[in-house]
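Structure, as structure tokens:
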Amino acid sequence: MELNFNAPRLGALTEGQTTLEALPYADGSGYEVKIGSLSDGLPDMEAGRIVIDQERGKAAFQPAPFAAFAAGPVVLRALAEMVEQAEQGAKA
């Protein structure tokens, strides 16, 4: 799917320096989610996507196949907040 780099993005930074960034799809169907770290210097990895159901105004996180990242409770809470923001945007 094509990304819209001009549209607002969702993002989060945890205390442990983990970064989450969600880039919107051009068709409005959701966001591509990247996860990374400010401390390791490695490129961000694909974590999955946030899928938006426009009819119901709902959003959900769909992990990438074979996503190779460990997400503790702090990262999962940040991800849940991003999904909540996407859902609020879908309802607006």
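Letters A, B, ... mark the chains of the structure tokens in the order given; residue numbers begin at 1 per chain; ligand numbers begin at 1, in order shown.
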Check your understanding: Hey, what does DSSP flag as alpha helix (DSSP H) within region 8-83 of chain A? Can you give it to me as a count of residues only?
Key -> 11
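Using only C-alpha atoms for every distance, the candidate list A:Asn6, A:Ser39, A:Lys58, A:Asp44 yields A:Asp44 as the residue closest to Glu21 (chain A).
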Check your understanding: Which residue, A:Ala92, A:Leu42, A:Ile50, A:Val74, has the smallest gap to Leu10 (chain A) when you use only C-alpha atoms?
Key -> A:Ile50
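Remark: for Phe61 (chain A), the closest of the candidate residues A:Glu15, A:Glu87, A:Glu2, A:Asp40 is A:Glu87 (distances computed over only C-alpha atoms).
Each of A:Ala80, A:Ala90, A:Leu20, A:Ala26 was compared to Asn4 (chain A) using only C-alpha atoms, and A:Ala26 turns out to be the nearest.
For the set A:Met1, A:Ala78, A:Thr19, A:Glu55, the residue with the smallest atom-to-atom gap to Glu32 (chain A) is A:Met1, counting only C-alpha atoms.
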